[in-house]
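*Asks:* Structure file final_8.cif, mmCIF, C-alpha atoms and all ligand atoms, is pasted below:
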data_coords
loop_
_atom_site.group_PDB
_atom_site.id
_atom_site.type_symbol
_atom_site.label_atom_id
_atom_site.label_comp_id
_atom_site.auth_asym_id
_atom_site.auth_seq_id
_atom_site.Cartn_x
_atom_site.Cartn_y
_atom_site.Cartn_z
ATOM 1 C CA MET A 11 61.895 36.053 50.869
ATOM 2 C CA ASN A 12 63.980 32.964 51.331
ATOM 3 C CA ILE A 13 66.249 31.789 48.472
ATOM 4 C CA ILE A 14 66.976 28.057 48.544
ATOM 5 C CA ASN A 15 69.041 26.041 46.102
ATOM 6 C CA ASP A 16 69.005 22.688 47.870
ATOM 7 C CA PRO A 17 66.068 20.442 46.819
ATOM 8 C CA LEU A 18 65.914 18.644 50.175
ATOM 9 C CA ALA A 19 65.818 21.938 52.100
ATOM 10 C CA LEU A 20 62.944 23.013 49.842
ATOM 11 C CA GLN A 21 61.090 19.755 50.450
ATOM 12 C CA ARG A 22 61.598 19.985 54.238
ATOM 13 C CA THR A 23 60.250 23.554 54.313
ATOM 14 C CA CYS A 24 57.223 22.675 52.177
ATOM 15 C CA LEU A 25 56.497 19.507 54.189
ATOM 16 C CA ASN A 26 56.448 21.634 57.354
ATOM 17 C CA TRP A 27 54.092 24.157 55.754
ATOM 18 C CA ARG A 28 51.806 21.370 54.570
ATOM 19 C CA SER A 29 51.744 19.731 58.003
ATOM 20 C CA GLU A 30 50.687 23.106 59.469
ATOM 21 C CA GLY A 31 47.716 23.062 57.058
ATOM 22 C CA LEU A 32 49.088 25.873 54.872
ATOM 23 C CA VAL A 33 48.333 25.875 51.126
ATOM 24 C CA VAL A 34 51.460 26.155 48.980
ATOM 25 C CA GLY A 35 51.090 27.763 45.539
ATOM 26 C CA LEU A 36 53.812 26.916 43.003
ATOM 27 C CA VAL A 37 54.850 28.904 39.921
ATOM 28 C CA PRO A 38 57.481 26.944 37.952
ATOM 29 C CA THR A 39 59.634 29.200 35.737
ATOM 30 C CA MET A 40 62.909 29.342 33.873
ATOM 31 C CA GLY A 41 63.470 32.934 35.006
ATOM 32 C CA TYR A 42 64.219 36.161 33.121
ATOM 33 C CA PHE A 43 60.928 37.409 34.447
ATOM 34 C CA HIS A 44 58.529 39.520 32.410
ATOM 35 C CA ALA A 45 54.993 40.704 33.109
ATOM 36 C CA GLY A 46 53.640 37.266 32.121
ATOM 37 C CA HIS A 47 55.588 35.539 34.912
ATOM 38 C CA LEU A 48 54.645 38.303 37.342
ATOM 39 C CA SER A 49 50.943 37.883 36.532
ATOM 40 C CA LEU A 50 51.238 34.163 37.412
ATOM 41 C CA MET A 51 52.911 35.074 40.701
ATOM 42 C CA ASP A 52 50.270 37.713 41.514
ATOM 43 C CA TYR A 53 47.501 35.204 40.846
ATOM 44 C CA ALA A 54 49.190 32.542 42.998
ATOM 45 C CA ARG A 55 49.892 35.100 45.745
ATOM 46 C CA SER A 56 46.178 35.928 45.940
ATOM 47 C CA ARG A 57 45.322 32.257 46.670
ATOM 48 C CA ALA A 58 48.287 30.734 48.496
ATOM 49 C CA ASP A 59 49.317 30.820 52.145
ATOM 50 C CA ARG A 60 52.900 30.278 50.976
ATOM 51 C CA LEU A 61 54.114 31.133 47.468
ATOM 52 C CA VAL A 62 57.015 29.169 45.968
ATOM 53 C CA VAL A 63 58.567 30.154 42.631
ATOM 54 C CA SER A 64 61.140 27.889 41.011
ATOM 55 C CA LEU A 65 63.762 29.447 38.751
ATOM 56 C CA PHE A 66 65.546 26.696 36.883
ATOM 57 C CA VAL A 67 66.623 26.625 33.235
ATOM 58 C CA ASN A 68 65.971 22.923 32.875
ATOM 59 C CA PRO A 69 68.624 21.404 30.591
ATOM 60 C CA THR A 70 66.681 18.213 29.868
ATOM 61 C CA GLN A 71 63.971 20.068 27.953
ATOM 62 C CA PHE A 72 66.475 21.445 25.422
ATOM 63 C CA GLY A 73 67.689 19.335 22.511
ATOM 64 C CA PRO A 74 71.364 19.406 21.453
ATOM 65 C CA ASN A 75 70.775 22.100 18.773
ATOM 66 C CA GLU A 76 68.426 24.275 20.801
ATOM 67 C CA ASP A 77 69.033 27.536 22.660
ATOM 68 C CA LEU A 78 70.026 26.354 26.168
ATOM 69 C CA SER A 79 73.279 28.356 26.181
ATOM 70 C CA ARG A 80 71.534 31.455 24.754
ATOM 71 C CA TYR A 81 68.568 31.271 27.121
ATOM 72 C CA PRO A 82 68.497 34.725 28.796
ATOM 73 C CA ARG A 83 69.322 34.912 32.502
ATOM 74 C CA ASP A 84 69.338 37.663 35.135
ATOM 75 C CA PRO A 85 69.064 35.998 38.554
ATOM 76 C CA GLU A 86 69.569 39.170 40.607
ATOM 77 C CA ARG A 87 66.835 41.119 38.839
ATOM 78 C CA ASP A 88 64.588 38.041 39.043
ATOM 79 C CA ALA A 89 65.123 37.764 42.808
ATOM 80 C CA ALA A 90 64.292 41.465 43.282
ATOM 81 C CA LEU A 91 61.085 41.109 41.222
ATOM 82 C CA ALA A 92 60.057 37.940 43.058
ATOM 83 C CA ARG A 93 60.514 39.747 46.374
ATOM 84 C CA GLU A 94 58.414 42.699 45.168
ATOM 85 C CA HIS A 95 55.639 40.312 44.141
ATOM 86 C CA GLY A 96 55.371 38.665 47.539
ATOM 87 C CA VAL A 97 57.160 35.368 46.852
ATOM 88 C CA ASP A 98 57.966 33.522 50.104
ATOM 89 C CA LEU A 99 60.506 31.107 48.696
ATOM 90 C CA LEU A 100 62.551 31.276 45.493
ATOM 91 C CA PHE A 101 64.042 27.923 44.514
ATOM 92 C CA THR A 102 67.181 28.325 42.371
ATOM 93 C CA PRO A 103 68.895 24.927 42.050
ATOM 94 C CA GLU A 104 71.919 24.103 39.895
ATOM 95 C CA PRO A 105 71.400 21.352 37.282
ATOM 96 C CA GLY A 106 73.744 19.042 39.205
ATOM 97 C CA VAL A 107 71.480 18.923 42.251
ATOM 98 C CA MET A 108 68.328 18.377 40.207
ATOM 99 C CA TYR A 109 69.819 15.566 38.113
ATOM 100 C CA ALA A 110 72.233 13.077 39.643
ATOM 101 C CA PRO A 111 74.962 11.930 37.216
ATOM 102 C CA ASP A 112 73.157 8.567 36.973
ATOM 103 C CA HIS A 113 69.642 10.054 36.748
ATOM 104 C CA ALA A 114 67.575 7.421 34.946
ATOM 105 C CA THR A 115 63.889 8.139 35.520
ATOM 106 C CA TRP A 116 61.728 10.007 33.027
ATOM 107 C CA VAL A 117 58.081 10.980 32.893
ATOM 108 C CA GLU A 118 56.496 10.855 29.443
ATOM 109 C CA VAL A 119 53.027 11.686 28.143
ATOM 110 C CA PRO A 120 53.430 10.425 24.579
ATOM 111 C CA THR A 121 49.984 11.179 23.158
ATOM 112 C CA LEU A 122 50.272 14.856 24.067
ATOM 113 C CA ALA A 123 53.896 15.084 22.960
ATOM 114 C CA ARG A 124 53.459 14.164 19.306
ATOM 115 C CA GLY A 125 52.706 17.157 17.078
ATOM 116 C CA LEU A 126 53.122 20.928 17.377
ATOM 117 C CA CYS A 127 56.254 21.793 19.384
ATOM 118 C CA ALA A 128 57.168 18.130 19.870
ATOM 119 C CA ALA A 129 57.680 17.648 16.130
ATOM 120 C CA SER A 130 60.728 19.932 16.059
ATOM 121 C CA ARG A 131 61.676 19.539 19.755
ATOM 122 C CA PRO A 132 61.619 15.753 20.265
ATOM 123 C CA VAL A 133 62.998 15.645 23.833
ATOM 124 C CA HIS A 134 61.312 18.815 25.061
ATOM 125 C CA PHE A 135 58.169 17.464 26.697
ATOM 126 C CA ARG A 136 59.896 14.541 28.360
ATOM 127 C CA GLY A 137 62.164 17.093 30.056
ATOM 128 C CA VAL A 138 59.220 19.318 30.999
ATOM 129 C CA ALA A 139 57.111 16.452 32.417
ATOM 130 C CA THR A 140 60.076 15.131 34.391
ATOM 131 C CA VAL A 141 61.166 18.429 35.916
ATOM 132 C CA VAL A 142 57.594 19.506 36.689
ATOM 133 C CA SER A 143 56.978 16.154 38.435
ATOM 134 C CA LYS A 144 60.126 16.700 40.487
ATOM 135 C CA LEU A 145 59.023 20.231 41.385
ATOM 136 C CA PHE A 146 55.589 18.941 42.431
ATOM 137 C CA LEU A 147 57.171 16.303 44.677
ATOM 138 C CA LEU A 148 59.600 18.819 46.156
ATOM 139 C CA THR A 149 57.001 21.498 46.929
ATOM 140 C CA LEU A 150 53.772 19.477 47.455
ATOM 141 C CA PRO A 151 51.650 22.412 46.262
ATOM 142 C CA GLY A 152 47.877 22.714 46.591
ATOM 143 C CA PHE A 153 47.923 24.301 43.149
ATOM 144 C CA ALA A 154 50.446 25.169 40.431
ATOM 145 C CA VAL A 155 50.124 27.939 37.855
ATOM 146 C CA PHE A 156 51.206 27.874 34.192
ATOM 147 C CA GLY A 157 50.757 30.313 31.301
ATOM 148 C CA GLU A 158 48.476 29.507 28.363
ATOM 149 C CA LYS A 159 51.088 30.626 25.839
ATOM 150 C CA ASP A 160 52.610 27.153 26.208
ATOM 151 C CA PHE A 161 49.213 25.562 25.615
ATOM 152 C CA GLN A 162 50.582 22.130 24.696
ATOM 153 C CA GLN A 163 52.708 22.121 27.855
ATOM 154 C CA LEU A 164 49.657 23.025 29.942
ATOM 155 C CA ALA A 165 47.509 20.276 28.354
ATOM 156 C CA LEU A 166 50.295 17.749 28.894
ATOM 157 C CA ILE A 167 50.772 18.731 32.553
ATOM 158 C CA ARG A 168 47.012 18.501 33.158
ATOM 159 C CA ARG A 169 47.007 14.981 31.703
ATOM 160 C CA MET A 170 50.070 13.949 33.700
ATOM 161 C CA VAL A 171 48.529 15.238 36.949
ATOM 162 C CA ARG A 172 45.307 13.353 36.229
ATOM 163 C CA ASP A 173 47.039 10.131 35.161
ATOM 164 C CA LEU A 174 49.537 10.029 38.046
ATOM 165 C CA ASN A 175 47.099 11.323 40.710
ATOM 166 C CA PHE A 176 49.224 14.249 41.794
ATOM 167 C CA PRO A 177 47.124 15.802 44.600
ATOM 168 C CA LEU A 178 47.037 19.339 43.226
ATOM 169 C CA GLU A 179 45.118 21.678 40.942
ATOM 170 C CA VAL A 180 46.686 22.857 37.680
ATOM 171 C CA VAL A 181 45.705 26.443 36.858
ATOM 172 C CA GLY A 182 46.158 27.940 33.378
ATOM 173 C CA ARG A 183 46.351 31.714 33.102
ATOM 174 C CA PRO A 184 45.865 33.940 30.039
ATOM 175 C CA ILE A 185 48.706 35.077 27.781
ATOM 176 C CA VAL A 186 50.098 38.508 28.679
ATOM 177 C CA ARG A 187 50.928 40.661 25.645
ATOM 178 C CA GLU A 188 52.825 43.803 24.750
ATOM 179 C CA ALA A 189 50.620 46.763 23.791
ATOM 180 C CA ASP A 190 51.144 45.826 20.112
ATOM 181 C CA GLY A 191 49.930 42.256 20.683
ATOM 182 C CA LEU A 192 53.232 40.340 20.790
ATOM 183 C CA ALA A 193 52.991 37.583 23.424
ATOM 184 C CA LEU A 194 55.531 38.172 26.194
ATOM 185 C CA SER A 195 58.374 35.686 26.147
ATOM 186 C CA SER A 196 61.843 35.629 27.664
ATOM 187 C CA ARG A 197 63.052 34.860 24.136
ATOM 188 C CA ASN A 198 61.785 38.190 22.730
ATOM 189 C CA VAL A 199 65.134 39.772 23.728
ATOM 190 C CA ASN A 200 66.753 37.645 21.023
ATOM 191 C CA LEU A 201 64.753 39.375 18.241
ATOM 192 C CA THR A 202 66.554 41.830 15.972
ATOM 193 C CA PRO A 203 64.979 45.326 15.844
ATOM 194 C CA GLU A 204 63.476 44.510 12.438
ATOM 195 C CA GLU A 205 62.036 41.214 13.704
ATOM 196 C CA ARG A 206 60.637 42.927 16.793
ATOM 197 C CA ARG A 207 58.859 45.522 14.620
ATOM 198 C CA ALA A 208 57.286 42.789 12.481
ATOM 199 C CA ALA A 209 56.526 40.304 15.294
ATOM 200 C CA PRO A 210 53.037 41.674 16.227
ATOM 201 C CA ALA A 211 51.931 40.142 12.904
ATOM 202 C CA ILE A 212 52.053 36.751 14.670
ATOM 203 C CA ARG A 213 49.041 37.730 16.778
ATOM 204 C CA GLN A 214 47.425 39.625 13.890
ATOM 205 C CA GLY A 215 47.500 36.420 11.842
ATOM 206 C CA LEU A 216 45.734 34.542 14.649
ATOM 207 C CA LEU A 217 43.055 37.237 14.910
ATOM 208 C CA ALA A 218 42.599 37.195 11.124
ATOM 209 C CA ALA A 219 42.177 33.410 11.307
ATOM 210 C CA ALA A 220 39.463 33.800 13.961
ATOM 211 C CA ASP A 221 37.699 36.235 11.586
ATOM 212 C CA TRP A 222 37.998 33.779 8.680
ATOM 213 C CA VAL A 223 36.329 31.128 10.851
ATOM 214 C CA ARG A 224 33.545 33.556 11.813
ATOM 215 C CA GLY A 225 33.229 34.296 8.082
ATOM 216 C CA GLY A 226 32.616 30.625 7.275
ATOM 217 C CA VAL A 227 36.007 28.904 6.815
ATOM 218 C CA ARG A 228 35.484 25.413 8.216
ATOM 219 C CA THR A 229 38.483 23.297 7.216
ATOM 220 C CA SER A 230 41.914 23.365 8.798
ATOM 221 C CA GLY A 231 43.480 23.045 5.339
ATOM 222 C CA GLU A 232 41.937 26.270 4.085
ATOM 223 C CA LEU A 233 42.620 28.135 7.314
ATOM 224 C CA THR A 234 46.295 27.196 7.483
ATOM 225 C CA THR A 235 46.806 27.918 3.765
ATOM 226 C CA ARG A 236 45.486 31.437 4.318
ATOM 227 C CA LEU A 237 47.559 31.865 7.459
ATOM 228 C CA ARG A 238 50.751 30.696 5.749
ATOM 229 C CA ALA A 239 50.188 33.297 3.011
ATOM 230 C CA PHE A 240 49.560 35.966 5.667
ATOM 231 C CA TYR A 241 52.833 35.193 7.461
ATOM 232 C CA ALA A 242 54.807 34.895 4.210
ATOM 233 C CA GLU A 243 53.733 38.437 3.357
ATOM 234 C CA ARG A 244 53.922 40.056 6.801
ATOM 235 C CA LEU A 245 56.854 38.126 8.302
ATOM 236 C CA PRO A 246 59.127 37.391 5.341
ATOM 237 C CA MET A 247 62.153 37.151 7.641
ATOM 238 C CA SER A 248 60.590 34.252 9.569
ATOM 239 C CA ARG A 249 60.260 30.542 8.880
ATOM 240 C CA LEU A 250 56.980 28.961 9.907
ATOM 241 C CA ASP A 251 57.622 25.878 12.042
ATOM 242 C CA TYR A 252 53.932 24.956 12.252
ATOM 243 C CA ALA A 253 50.408 26.351 12.100
ATOM 244 C CA GLU A 254 47.981 23.685 13.285
ATOM 245 C CA ILE A 255 44.412 23.328 14.432
ATOM 246 C CA VAL A 256 44.038 20.838 17.261
ATOM 247 C CA ASP A 257 41.636 19.732 19.947
ATOM 248 C CA PRO A 258 42.521 21.920 22.971
ATOM 249 C CA ASP A 259 42.420 18.993 25.432
ATOM 250 C CA SER A 260 43.927 16.092 23.483
ATOM 251 C CA MET A 261 46.126 18.138 21.076
ATOM 252 C CA GLU A 262 44.939 15.796 18.290
ATOM 253 C CA PRO A 263 44.920 17.484 14.854
ATOM 254 C CA LEU A 264 41.465 18.446 13.544
ATOM 255 C CA ALA A 265 40.586 18.400 9.846
ATOM 256 C CA GLU A 266 37.327 20.286 10.389
ATOM 257 C CA ILE A 267 36.930 23.205 12.766
ATOM 258 C CA PRO A 268 34.236 22.251 15.269
ATOM 259 C CA GLY A 269 32.750 24.451 18.009
ATOM 260 C CA ARG A 270 36.007 24.755 19.919
ATOM 261 C CA ALA A 271 39.513 24.356 18.533
ATOM 262 C CA LEU A 272 43.001 25.633 19.250
ATOM 263 C CA LEU A 273 45.029 27.300 16.517
ATOM 264 C CA ALA A 274 48.687 27.169 17.539
ATOM 265 C CA VAL A 275 51.694 28.549 15.664
ATOM 266 C CA ALA A 276 55.471 28.560 16.015
ATOM 267 C CA LEU A 277 57.826 30.682 13.914
ATOM 268 C CA HIS A 278 61.593 30.742 13.715
ATOM 269 C CA MET A 279 63.233 34.159 13.636
ATOM 270 C CA SER A 280 67.000 34.454 13.236
ATOM 271 C CA ARG A 281 67.827 33.788 16.910
ATOM 272 C CA ALA A 282 64.470 33.006 18.512
ATOM 273 C CA ARG A 283 61.584 30.630 18.029
ATOM 274 C CA LEU A 284 58.281 32.221 19.049
ATOM 275 C CA ILE A 285 54.964 30.524 19.782
ATOM 276 C CA ASP A 286 51.433 31.832 20.138
ATOM 277 C CA ASN A 287 47.875 30.487 19.992
ATOM 278 C CA ILE A 288 44.198 31.366 19.966
ATOM 279 C CA LEU A 289 41.024 29.445 20.824
ATOM 280 C CA LEU A 290 38.655 29.426 17.855
ATOM 281 C CA GLY A 291 34.923 29.085 17.768
ATOM 282 C CA ASP A 292 34.188 29.622 21.463
HETATM 283 O O1 LIG B 301 57.296 27.007 30.890
HETATM 284 C C1 LIG B 301 58.445 26.961 31.398
HETATM 285 O O2 LIG B 301 59.060 27.989 31.720
HETATM 286 C C2 LIG B 301 59.097 25.605 31.620
HETATM 287 O O3 LIG B 301 58.793 24.717 30.588
HETATM 288 C C3 LIG B 301 58.780 24.990 32.993
HETATM 289 C C4 LIG B 301 57.292 24.688 33.138
HETATM 290 C C5 LIG B 301 59.212 25.941 34.094
HETATM 291 C C6 LIG B 301 59.537 23.677 33.170
HETATM 292 O O4 LIG B 301 60.911 23.865 33.088
#
What's the structure tokens form of this structure?
*Replies:*
Amino acid sequence: MNIINDPLALQRTCLNWRSEGLVVGLVPTMGYFHAGHLSLMDYARSRADRLVVSLFVNPTQFGPNEDLSRYPRDPERDAALAREHGVDLLFTPEPGVMYAPDHATWVEVPTLARGLCAASRPVHFRGVATVVSKLFLLTLPGFAVFGEKDFQQLALIRRMVRDLNFPLEVVGRPIVREADGLALSSRNVNLTPEERRAAPAIRQGLLAAADWVRGGVRTSGELTTRLRAFYAERLPMSRLDYAEIVDPDSMEPLAEIPGRALLAVALHMSRARLIDNILLGD
């Protein structure tokens, strides 16, 4: 496995691969790998001639009061895991080489960056869309793989790729969970032991909501009222950021629950903000 931290060296390598007719698979990450990241790499490995993983804690997707400095990092362990999972090239740039001091160009997808996570993280999706565009242009992948835990991010990247005609396929892969149902996240290490014990209730609330829909609940208002009560009882140490029912493609809020809808939640614990989601009515 080759480790590269220079964007132009990455682009040269990927251009050569592309001109040889090889398909590059890209898995963009911010590192601190867990089984969710590794499942994305394994999927990409099974399809790609050359597998590129980027490991970059992108500063532009963190607001001033967010957890950039606390974001967990372990580059040596990450490199060893990437090697074990068949990665050909690990891209580990420093912020200074990704963003020139006079960087001035941003990619925005405003209609998909309105509610849900964007409401409390106003600069987040601009940073994500910009860095993902840069990674696409640096690696020229045939396909790129993202996890469905960040469902809004995935929908936004799909729209950006369609709107800007990036010549690649965006692949979404299922959420990987602990045995007790907690969605894997690099931020789970920031949970206190008490929060970690209670955190599976996040998923349990989503499953209960799916049951309420099967049992006849049809309005988002009733569903979220029930879910708020569930979390208040089972996760009293948390603060609900949002629980919303949206169209899974447009991320527009839905008042009624039609055939297919996404229920997405975000909760603040003392030192971590956790997200999860479930597709309803499929
Ligand atoms: O999902 C993430 O880890 C990040 O948002 C991404 C896509 C790597 C962009 O920095």
*Asks:* I'd like the box whose edges run along x, y and z of the file and which contains every listed atom of ligand LIG 301 (chain B), padded by 5 Å per side; could you state its centre and edge lengths in Å, one decimal, as AutoDock Vina command-line options?
*Replies:*
--center_x 59.1 --center_y 25.8 --center_z 32.3 --size_x 13.6 --size_y 14.3 --size_z 13.5
*Asks:* Could you expand the PyMOL selection byres (((chain A and resi 216-219) around 10) and not hetatm) into the explicit residues it covers here, written as a list in words?
*Replies:* Ala211, Ile212, Arg213, Gln214, Gly215, Ala220, Asp221, Trp222, Val223, Arg224, Gly225, Val227, Leu233, Thr234, Arg236, Leu237, Phe240, Ala253, Leu273, Ala274, Val275, Asp286, Asn287, Ile288, Leu289 and Leu290 of chain A
*Asks:* Could you write out the selected residues, including C-alpha atoms, as a PDB file, in the frame of the given file?
*Replies:*
ATOM      1  CA  ALA A 211      51.931  40.142  12.904  1.00  0.00           C
ATOM      2  CA  ILE A 212      52.053  36.751  14.670  1.00  0.00           C
ATOM      3  CA  ARG A 213      49.041  37.730  16.778  1.00  0.00           C
ATOM      4  CA  GLN A 214      47.425  39.625  13.890  1.00  0.00           C
ATOM      5  CA  GLY A 215      47.500  36.420  11.842  1.00  0.00           C
ATOM      6  CA  ALA A 220      39.463  33.800  13.961  1.00  0.00           C
ATOM      7  CA  ASP A 221      37.699  36.235  11.586  1.00  0.00           C
ATOM      8  CA  TRP A 222      37.998  33.779   8.680  1.00  0.00           C
ATOM      9  CA  VAL A 223      36.329  31.128  10.851  1.00  0.00           C
ATOM     10  CA  ARG A 224      33.545  33.556  11.813  1.00  0.00           C
ATOM     11  CA  GLY A 225      33.229  34.296   8.082  1.00  0.00           C
ATOM     12  CA  VAL A 227      36.007  28.904   6.815  1.00  0.00           C
ATOM     13  CA  LEU A 233      42.620  28.135   7.314  1.00  0.00           C
ATOM     14  CA  THR A 234      46.295  27.196   7.483  1.00  0.00           C
ATOM     15  CA  ARG A 236      45.486  31.437   4.318  1.00  0.00           C
ATOM     16  CA  LEU A 237      47.559  31.865   7.459  1.00  0.00           C
ATOM     17  CA  PHE A 240      49.560  35.966   5.667  1.00  0.00           C
ATOM     18  CA  ALA A 253      50.408  26.351  12.100  1.00  0.00           C
ATOM     19  CA  LEU A 273      45.029  27.300  16.517  1.00  0.00           C
ATOM     20  CA  ALA A 274      48.687  27.169  17.539  1.00  0.00           C
ATOM     21  CA  VAL A 275      51.694  28.549  15.664  1.00  0.00           C
ATOM     22  CA  ASP A 286      51.433  31.832  20.138  1.00  0.00           C
ATOM     23  CA  ASN A 287      47.875  30.487  19.992  1.00  0.00           C
ATOM     24  CA  ILE A 288      44.198  31.366  19.966  1.00  0.00           C
ATOM     25  CA  LEU A 289      41.024  29.445  20.824  1.00  0.00           C
ATOM     26  CA  LEU A 290      38.655  29.426  17.855  1.00  0.00           C
TER      27      LEU A 290
END
*Asks:* If we count all atoms listed in the file and set the cut-off at 9 Å, which residues sit around Leu32 in chain A, ignoring sequence neighbours fewer than 6 positions away in its own chain? Please answer as number ranges by chain.
*Replies:* A: 26, 58-60, 152
*Asks:* List every residue of chain A that has an atom at most 6 Å from any atom of ligand LIG 301 (chain B), giving for each one its closest atom pair and the distance in Å to one decimal, counting all atoms listed in the file, sorted by chain and then by ascending residue number, as a tab-separated table.
*Replies:*
residue	atom	partner	partner_atom	distance
A:Pro38	CA	B:LIG301	C5	4.3
A:Thr39	CA	B:LIG301	C5	3.7
A:Met40	CA	B:LIG301	O2	4.6
A:Asn68	CA	B:LIG301	O4	5.2
A:Val138	CA	B:LIG301	C6	4.9
A:Val142	CA	B:LIG301	C6	5.8
*Asks:* Any chance you could export the current selection's C-alpha atoms as a JSON list (two decimals), keeping the file's coordinate frame?
*Replies:*
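Below is the file that was written, again_11.json:
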[["chain", "number", "residue", "atom", "x", "y", "z"],
["A", 38, "PRO", "CA", 57.48, 26.94, 37.95],
["A", 39, "THR", "CA", 59.63, 29.20, 35.74],
["A", 40, "MET", "CA", 62.91, 29.34, 33.87],
["A", 68, "ASN", "CA", 65.97, 22.92, 32.88],
["A", 138, "VAL", "CA", 59.22, 19.32, 31.00],
["A", 142, "VAL", "CA", 57.59, 19.51, 36.69]]
*Asks:* From the set A:Arg283, A:Leu192, A:His95, A:Val119, which residue has the shortest atom-to-atom contact distance to Arg207 in chain A, counting only C-alpha atoms?
*Replies:*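 Of A:Arg283, A:Leu192, A:His95, A:Val119, the one nearest Arg207 in chain A, counting only C-alpha atoms, is A:Leu192.
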*Asks:* With distances taken over all atoms listed in the file, which of A:Asn175, A:Ser143, A:Ser64, A:Ser56 is nearest to Tyr42 in chain A?
*Replies:*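 Counting all atoms listed in the file, the residue closest to Tyr42 in chain A is A:Ser64.
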*Asks:* Between A:Gly125, A:Pro111, A:Pro103, A:Gly191, which one has atoms that come closest to Val256 in chain A, using all atoms listed in the file?
*Replies:*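 Nearest to Val256 in chain A: A:Gly125.
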*Asks:* Run the PyMOL selection byres (((chain A and resi 200) around 6) and not hetatm) on the file and write out the hits as a PyMOL selection string.
*Replies:* chain A and resi 197-199+201+281-282
*Asks:* Figure out the distance between CA of Ala165 in chain A and CA of Phe72 in chain A, please, to one decimal in Å.
*Replies:*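 That distance, rounded to one decimal, is 19.2 Å.
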